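What follows is the content of run_33.csv (CSV, C-alpha atoms).
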chain,number,residue,atom,x,y,z
I,1,MET,CA,20.5,-14.7,-44.7
I,2,LYS,CA,17.1,-13.5,-43.5
I,3,PHE,CA,17.5,-15.4,-40.2
I,4,ILE,CA,20.8,-13.7,-39.5
I,5,PHE,CA,19.2,-10.3,-39.5
I,6,ILE,CA,15.9,-11.2,-37.8
I,7,PHE,CA,17.5,-12.4,-34.6
I,8,PRO,CA,19.3,-9.1,-33.9
I,9,LEU,CA,16.1,-7.3,-34.7
I,10,VAL,CA,14.1,-9.4,-32.3
I,11,VAL,CA,16.7,-8.7,-29.6
I,12,ALA,CA,16.6,-5.0,-30.2
I,13,ILE,CA,12.8,-4.9,-30.0
I,14,CYS,CA,12.8,-6.9,-26.8
I,15,GLY,CA,15.3,-4.5,-25.4
I,16,LEU,CA,13.1,-1.6,-26.2
I,17,ILE,CA,10.1,-3.2,-24.6
I,18,THR,CA,12.0,-3.9,-21.4
I,19,ALA,CA,13.4,-0.4,-21.3
I,20,TYR,CA,9.9,1.0,-21.8
I,21,ALA,CA,8.4,-1.1,-19.0
I,22,GLU,CA,11.2,0.0,-16.6
I,23,ASP,CA,10.6,3.7,-17.6
I,24,GLU,CA,7.0,3.4,-16.4
I,25,VAL,CA,8.1,2.9,-12.8
I,26,GLU,CA,8.5,6.3,-11.1
I,27,SER,CA,10.3,6.8,-7.8
I,28,ILE,CA,8.1,9.1,-5.6
I,29,PHE,CA,10.6,9.4,-2.7
I,30,ASP,CA,13.9,11.1,-3.3
I,31,GLY,CA,15.6,9.6,-0.3
I,32,LYS,CA,16.5,13.0,1.1
I,33,THR,CA,13.3,15.1,1.6
I,34,LEU,CA,9.6,14.8,1.9
I,35,ASP,CA,9.1,16.9,-1.2
I,36,GLY,CA,5.9,15.8,-2.9
I,37,TRP,CA,4.4,14.6,0.3
I,38,ASN,CA,2.2,16.2,3.0
I,39,CYS,CA,1.0,15.2,6.4
I,40,ARG,CA,-2.6,14.9,7.6
I,41,PRO,CA,-3.1,16.4,10.0
I,42,SER,CA,-0.4,19.0,9.4
I,43,SER,CA,0.2,19.4,13.1
I,44,GLN,CA,1.8,15.9,13.2
I,45,LEU,CA,4.4,16.5,10.5
I,46,LYS,CA,7.0,16.7,13.2
I,47,ASN,CA,6.6,12.9,13.7
I,48,TRP,CA,7.8,12.2,10.2
I,49,SER,CA,11.5,12.6,9.1
I,50,VAL,CA,14.0,11.4,6.5
I,51,GLU,CA,17.0,9.6,7.9
I,52,LYS,CA,19.6,7.6,5.9
I,53,GLY,CA,17.4,7.4,2.8
I,54,GLN,CA,14.4,6.2,4.8
I,55,ILE,CA,11.1,7.8,5.8
I,56,ILE,CA,10.8,7.4,9.6
I,57,GLY,CA,7.5,7.7,11.5
I,58,ARG,CA,7.5,8.0,15.3
I,59,GLY,CA,4.1,7.8,17.0
I,60,LYS,CA,4.6,10.6,19.5
I,61,GLY,CA,1.2,12.2,19.0
I,62,GLN,CA,-2.1,11.4,17.4
I,63,GLU,CA,-2.6,9.1,14.4
I,64,SER,CA,-1.4,10.7,11.1
I,65,TYR,CA,-0.9,9.9,7.5
I,66,LEU,CA,2.0,10.9,5.2
I,67,MET,CA,0.2,11.4,1.8
I,68,PHE,CA,1.6,11.6,-1.7
I,69,ASN,CA,0.4,14.8,-3.4
I,70,ASP,CA,-1.0,13.2,-6.6
I,71,GLN,CA,-4.3,11.3,-6.9
I,72,LEU,CA,-4.0,7.9,-8.4
I,73,GLY,CA,-6.5,5.6,-10.0
I,74,ASP,CA,-5.0,2.4,-11.5
I,75,PHE,CA,-1.5,1.8,-10.3
I,76,GLU,CA,1.1,-0.5,-8.7
I,77,LEU,CA,2.7,0.9,-5.5
I,78,ARG,CA,6.0,-0.6,-4.4
I,79,PHE,CA,7.8,0.0,-1.1
I,80,SER,CA,9.6,-1.7,1.7
I,81,TYR,CA,8.7,-1.2,5.4
I,82,LYS,CA,10.2,-2.1,8.7
I,83,LEU,CA,8.6,-2.0,12.1
I,84,ILE,CA,11.5,-0.8,14.4
I,85,SER,CA,9.3,-1.1,17.5
I,86,ASP,CA,8.3,-4.4,19.0
I,87,GLU,CA,4.6,-3.7,18.6
I,88,GLY,CA,2.4,-1.4,16.6
I,89,ASN,CA,0.8,-1.5,13.1
I,90,THR,CA,0.7,0.6,10.0
I,91,GLY,CA,-0.7,0.4,6.5
I,92,VAL,CA,-1.2,2.3,3.3
I,93,GLU,CA,-4.3,4.2,2.3
I,94,VAL,CA,-5.4,3.6,-1.3
I,95,ARG,CA,-7.7,5.8,-3.4
I,96,SER,CA,-8.4,7.8,-0.2
I,97,HIS,CA,-9.8,11.2,0.5
I,98,PRO,CA,-9.7,13.5,3.6
I,99,VAL,CA,-12.7,13.4,5.9
I,100,LYS,CA,-14.2,16.8,6.7
I,101,GLY,CA,-14.1,17.6,10.4
I,102,LYS,CA,-11.8,14.7,11.2
I,103,ALA,CA,-8.2,15.9,10.7
I,104,SER,CA,-6.5,12.6,11.3
I,105,ARG,CA,-8.9,10.4,9.2
I,106,LEU,CA,-9.1,9.4,5.6
I,107,HIS,CA,-12.0,7.8,3.7
I,108,GLY,CA,-10.9,4.9,1.5
I,109,TYR,CA,-9.3,1.5,1.1
I,110,HIS,CA,-6.5,0.5,3.6
I,111,ALA,CA,-3.9,-2.2,3.1
I,112,ASP,CA,-3.1,-3.2,6.7
I,113,ILE,CA,0.4,-4.3,7.8
I,114,GLY,CA,1.8,-4.7,11.3
I,115,HIS,CA,3.8,-6.8,13.7
I,116,ILE,CA,3.8,-10.5,13.3
I,117,GLY,CA,1.4,-11.4,16.1
I,118,ILE,CA,-1.2,-8.8,15.5
I,119,GLY,CA,-3.8,-11.0,13.8
I,120,ASP,CA,-5.4,-11.7,10.4
I,121,LYS,CA,-7.7,-8.6,10.5
I,122,VAL,CA,-4.6,-6.4,10.4
I,123,LEU,CA,-1.4,-8.0,9.0
I,124,GLY,CA,-2.2,-8.7,5.4
I,125,ALA,CA,-5.9,-7.6,5.5
I,126,TRP,CA,-7.9,-5.0,3.6
I,127,ASP,CA,-9.8,-2.4,5.6
I,128,PHE,CA,-12.1,0.4,4.4
I,129,HIS,CA,-12.1,3.6,6.5
I,130,GLU,CA,-15.0,5.9,7.3
I,131,ASN,CA,-17.9,4.4,5.4
I,132,ASN,CA,-19.5,1.7,7.6
I,133,ARG,CA,-18.5,-1.2,5.4
I,134,GLY,CA,-17.8,-3.4,8.4
I,135,ASP,CA,-14.8,-4.1,10.6
I,136,TYR,CA,-12.7,-5.1,7.5
I,137,LEU,CA,-13.2,-5.9,3.8
I,138,ALA,CA,-10.9,-9.0,3.6
I,139,LYS,CA,-8.9,-10.9,6.2
I,140,ARG,CA,-5.4,-12.1,5.5
I,141,GLY,CA,-5.5,-15.1,3.1
I,142,HIS,CA,-9.0,-14.2,1.7
I,143,LYS,CA,-10.2,-13.2,-1.7
I,144,VAL,CA,-13.5,-11.3,-1.2
I,145,THR,CA,-15.9,-10.3,-3.9
I,146,ILE,CA,-18.4,-7.6,-2.9
I,147,ASN,CA,-21.6,-7.6,-4.8
I,148,GLU,CA,-23.6,-4.5,-5.8
I,149,ASN,CA,-25.7,-4.9,-2.7
I,150,GLY,CA,-22.7,-5.1,-0.4
I,151,LYS,CA,-22.9,-8.8,0.2
I,152,LYS,CA,-19.5,-10.6,0.4
I,153,GLU,CA,-18.4,-13.8,-1.2
I,154,ILE,CA,-15.3,-15.1,0.5
I,155,GLY,CA,-12.7,-17.5,-0.9
I,156,GLU,CA,-9.3,-18.8,0.2
I,157,ILE,CA,-6.1,-17.8,-1.6
I,158,ASP,CA,-3.7,-20.6,-2.3
I,159,ASN,CA,-0.2,-20.2,-0.9
I,160,ALA,CA,-1.2,-16.9,0.7
I,161,PHE,CA,1.1,-14.8,2.8
I,162,GLU,CA,1.4,-15.9,6.4
I,163,PRO,CA,3.0,-14.3,9.5
I,164,SER,CA,5.9,-16.7,9.2
I,165,ASP,CA,6.7,-15.0,5.8
I,166,ALA,CA,7.3,-11.6,7.5
I,167,LYS,CA,10.6,-10.5,8.8
I,168,ALA,CA,10.5,-9.1,12.4
I,169,LYS,CA,12.4,-5.8,12.7
I,170,ASP,CA,13.7,-6.2,9.2
I,171,TRP,CA,12.6,-5.0,5.7
I,172,ASN,CA,9.5,-6.4,4.1
I,173,LYS,CA,8.7,-5.7,0.5
I,174,VAL,CA,5.1,-4.7,-0.4
I,175,VAL,CA,3.4,-4.3,-3.8
I,176,VAL,CA,-0.1,-2.8,-3.8
I,177,TYR,CA,-2.2,-3.2,-6.9
I,178,ALA,CA,-5.2,-1.2,-7.8
I,179,LYS,CA,-6.8,-2.0,-11.2
I,180,GLY,CA,-10.4,-1.1,-11.9
I,181,ASN,CA,-12.6,-2.7,-9.2
I,182,ARG,CA,-9.8,-5.1,-8.1
I,183,LEU,CA,-7.4,-4.4,-5.3
I,184,TRP,CA,-4.8,-6.8,-3.9
I,185,PHE,CA,-1.3,-6.6,-2.3
I,186,THR,CA,1.7,-8.9,-1.7
I,187,ILE,CA,4.1,-9.0,1.1
I,188,ASN,CA,7.5,-10.6,0.3
I,189,GLY,CA,6.1,-11.9,-2.9
I,190,LYS,CA,3.0,-13.7,-1.6
I,191,ILE,CA,-0.5,-12.4,-2.0
I,192,ALA,CA,-1.9,-11.2,1.3
I,193,SER,CA,-5.5,-10.6,0.4
I,194,GLU,CA,-7.7,-9.4,-2.5
I,195,VAL,CA,-10.9,-7.4,-2.9
I,196,ILE,CA,-13.1,-7.2,-6.0
I,197,ASP,CA,-15.4,-4.3,-5.3
I,198,ASN,CA,-18.7,-4.3,-7.3
I,199,GLU,CA,-20.6,-2.1,-4.9
I,200,LYS,CA,-20.7,1.0,-7.1
I,201,ALA,CA,-22.4,3.2,-4.5
I,202,LYS,CA,-19.4,2.9,-2.2
I,203,ARG,CA,-16.5,2.0,-4.5
I,204,LEU,CA,-13.7,4.5,-5.0
I,205,ASP,CA,-11.9,4.6,-8.3
I,206,LYS,CA,-9.4,7.3,-7.6
I,207,GLY,CA,-7.8,9.1,-4.7
I,208,TYR,CA,-4.6,9.5,-2.6
I,209,ILE,CA,-2.2,7.1,-1.1
I,210,GLY,CA,-0.9,7.6,2.4
I,211,PHE,CA,1.3,5.8,4.9
I,212,GLN,CA,-0.2,5.4,8.3
I,213,LEU,CA,1.4,6.2,11.7
I,214,HIS,CA,-0.5,5.2,14.7
I,215,GLY,CA,-0.2,7.2,17.9
I,216,GLY,CA,1.8,6.0,20.9
I,217,ASP,CA,5.4,6.5,22.0
I,218,LYS,CA,6.4,3.0,21.2
I,219,MET,CA,5.4,3.1,17.5
I,220,ILE,CA,8.3,3.5,15.1
I,221,VAL,CA,8.1,2.5,11.4
I,222,ALA,CA,10.4,3.0,8.4
I,223,PHE,CA,9.7,3.1,4.7
I,224,LYS,CA,12.0,3.1,1.7
I,225,ASP,CA,12.3,2.3,-2.0
I,226,ILE,CA,8.9,3.9,-2.7
I,227,SER,CA,7.8,3.9,-6.4
I,228,VAL,CA,4.7,3.9,-8.5
I,229,LYS,CA,3.8,2.4,-11.8
I,230,ARG,CA,0.8,4.3,-13.1

Using structure tokens, write down the structure that the file contains.
Amino acid sequence: MKFIFIFPLVVAICGLITAYAEDEVESIFDGKTLDGWNCRPSSQLKNWSVEKGQIIGRGKGQESYLMFNDQLGDFELRFSYKLISDEGNTGVEVRSHPVKGKASRLHGYHADIGHIGIGDKVLGAWDFHENNRGDYLAKRGHKVTINENGKKEIGEIDNAFEPSDAKAKDWNKVVVYAKGNRLWFTINGKIASEVIDNEKAKRLDKGYIGFQLHGGDKMIVAFKDISVKR
């Protein structure tokens, strides 16, 4: 008789665990407004809009970032993006901070995404803005460990994301992970690149996330299904 009651109990516990895990995921875009978000610089807010449940960025002016109001440390950011234009690139700032005297710039990690032919220093790469850490931190397909002195150790990622895995002018699903000194992101389920940052003097442990919009009349990008697991 004990086994008859244990099975339903196990099922109930598993159900509670699943429900708890799902509850941890928080939608941060209501599909109707930009409530909870702000634009840097504020003068470029006119280039961001909400249409049919999507955030649309049109690069009619200078570069800008649509930033979520809360600072985040360890998290998973989930979203889908689509480049509506033939060219252009975008990305998401991670643990970033505004740069004094540079209204359109942020200081922090940057997960780069863009059109299929843009190259391995952008599509699927990790950058770091405004701190002279080189042209990029990790190319697409690389796992890079940064030592305390800033020296890089580079390794290859097995079965990494490739341009052929991206969908041109269609939705691509991205998950950005920031956990301690380790940051990585996936595009359509494949790891694009990873950074393990042991350079404490330059590492950032907390900051803002922000979607990038490059300037230029041809640049149009859409974002949707944006959520965070803190």

query: What lies within 12 Å of Phe185 in chain I using all atoms listed in the file, ignoring chain neighbours under 2 positions off, as a PyMOL selection string?
result: chain I and resi 75-79+91-92+94+109-113+123-126+138+140-143+160-161+173-179+182-183+187-195

field: Distance criterion (all atoms listed in the file): nearest to Glu162 in chain I out of I:Ala201, I:Met219, I:Val122, I:Ile28
entry: I:Val122

- prompt: How far is it from CA of Leu213 in chain I to CA of Ser164 in chain I, in Å with one decimal?
  reply: 23.5 Å

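Comparing the minimum interatomic distances between Gly59 in chain I and each of I:Asp120, I:Glu153, I:Asp217, I:Glu148, counting all atoms listed in the file, we find that I:Asp217 sits nearest.
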
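Distances from I:Tyr208, I:Lys224, I:Lys139, I:Asn181 to Gly155 in chain I were compared using all atoms listed in the file, and the smallest one belongs to I:Lys139.
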
query: In terms of the shortest atom-to-atom distance over all atoms listed in the file, which of I:Gly134, I:Gly108, I:Gly215, I:Gly53 is closest to Arg203 in chain I?
result: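 Going through I:Gly134, I:Gly108, I:Gly215, I:Gly53 one by one, the smallest distance to Arg203 in chain I is for I:Gly108.
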
task: Within 7 Å of range 102-104 of chain I, counting all atoms listed in the file, which residues show up once you throw out same-chain ones fewer than 4 positions away? Write them as a list in words, please.
output: Arg40, Pro41, Glu63 and Ser64 of chain I

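Using only C-alpha atoms, the shortest contact distance between Ile56 in chain I and any of I:Val144, I:Leu137, I:Val221, I:Ile226 is found at I:Val221.
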
field: Coordinates-based distance that separates CA of Ile55 in chain I from CA of Asp74 in chain I (Å, one decimal)
entry: 24.2 Å

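Residue nearest Asp70 in chain I, chosen from I:Lys218, I:Lys206, I:Lys152, I:Lys121 and counting all atoms listed in the file: I:Lys206.
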
- prompt: What is the CA of Ser96 in chain I-CA of Ile209 in chain I distance in Å, reported with one decimal?
  reply: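 Separation of CA of Ser96 in chain I and CA of Ile209 in chain I: 6.3 Å.
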
I'd like the neighbourhood of Ile84 in chain I as a PDB file with C-alpha atoms, in the frame of the given file, where a residue qualifies if any of its atoms comes within 9 Å (using all atoms listed in the file), though same-chain residues fewer than 2 positions away should be ignored.
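Written out: part27.pdb:
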ATOM      1  CA  LYS I  82      10.200  -2.100   8.700  1.00  0.00           C
ATOM      2  CA  ASP I  86       8.300  -4.400  19.000  1.00  0.00           C
ATOM      3  CA  GLU I  87       4.600  -3.700  18.600  1.00  0.00           C
ATOM      4  CA  ALA I 168      10.500  -9.100  12.400  1.00  0.00           C
ATOM      5  CA  LYS I 169      12.400  -5.800  12.700  1.00  0.00           C
ATOM      6  CA  ASP I 170      13.700  -6.200   9.200  1.00  0.00           C
ATOM      7  CA  MET I 219       5.400   3.100  17.500  1.00  0.00           C
ATOM      8  CA  ILE I 220       8.300   3.500  15.100  1.00  0.00           C
ATOM      9  CA  VAL I 221       8.100   2.500  11.400  1.00  0.00           C
ATOM     10  CA  ALA I 222      10.400   3.000   8.400  1.00  0.00           C
TER      11      ALA I 222
END

Might I get the box with edges along x, y and z of the file that holds all atoms of range 156-173 of chain I listed there, padded by 4 Å on every side, given as centre and edge lengths in Å to one decimal, as lines of an AutoDock Vina configuration file?
center_x = 2.2
center_y = -12.8
center_z = 5.2
size_x = 31.0
size_y = 23.6
size_z = 23.0
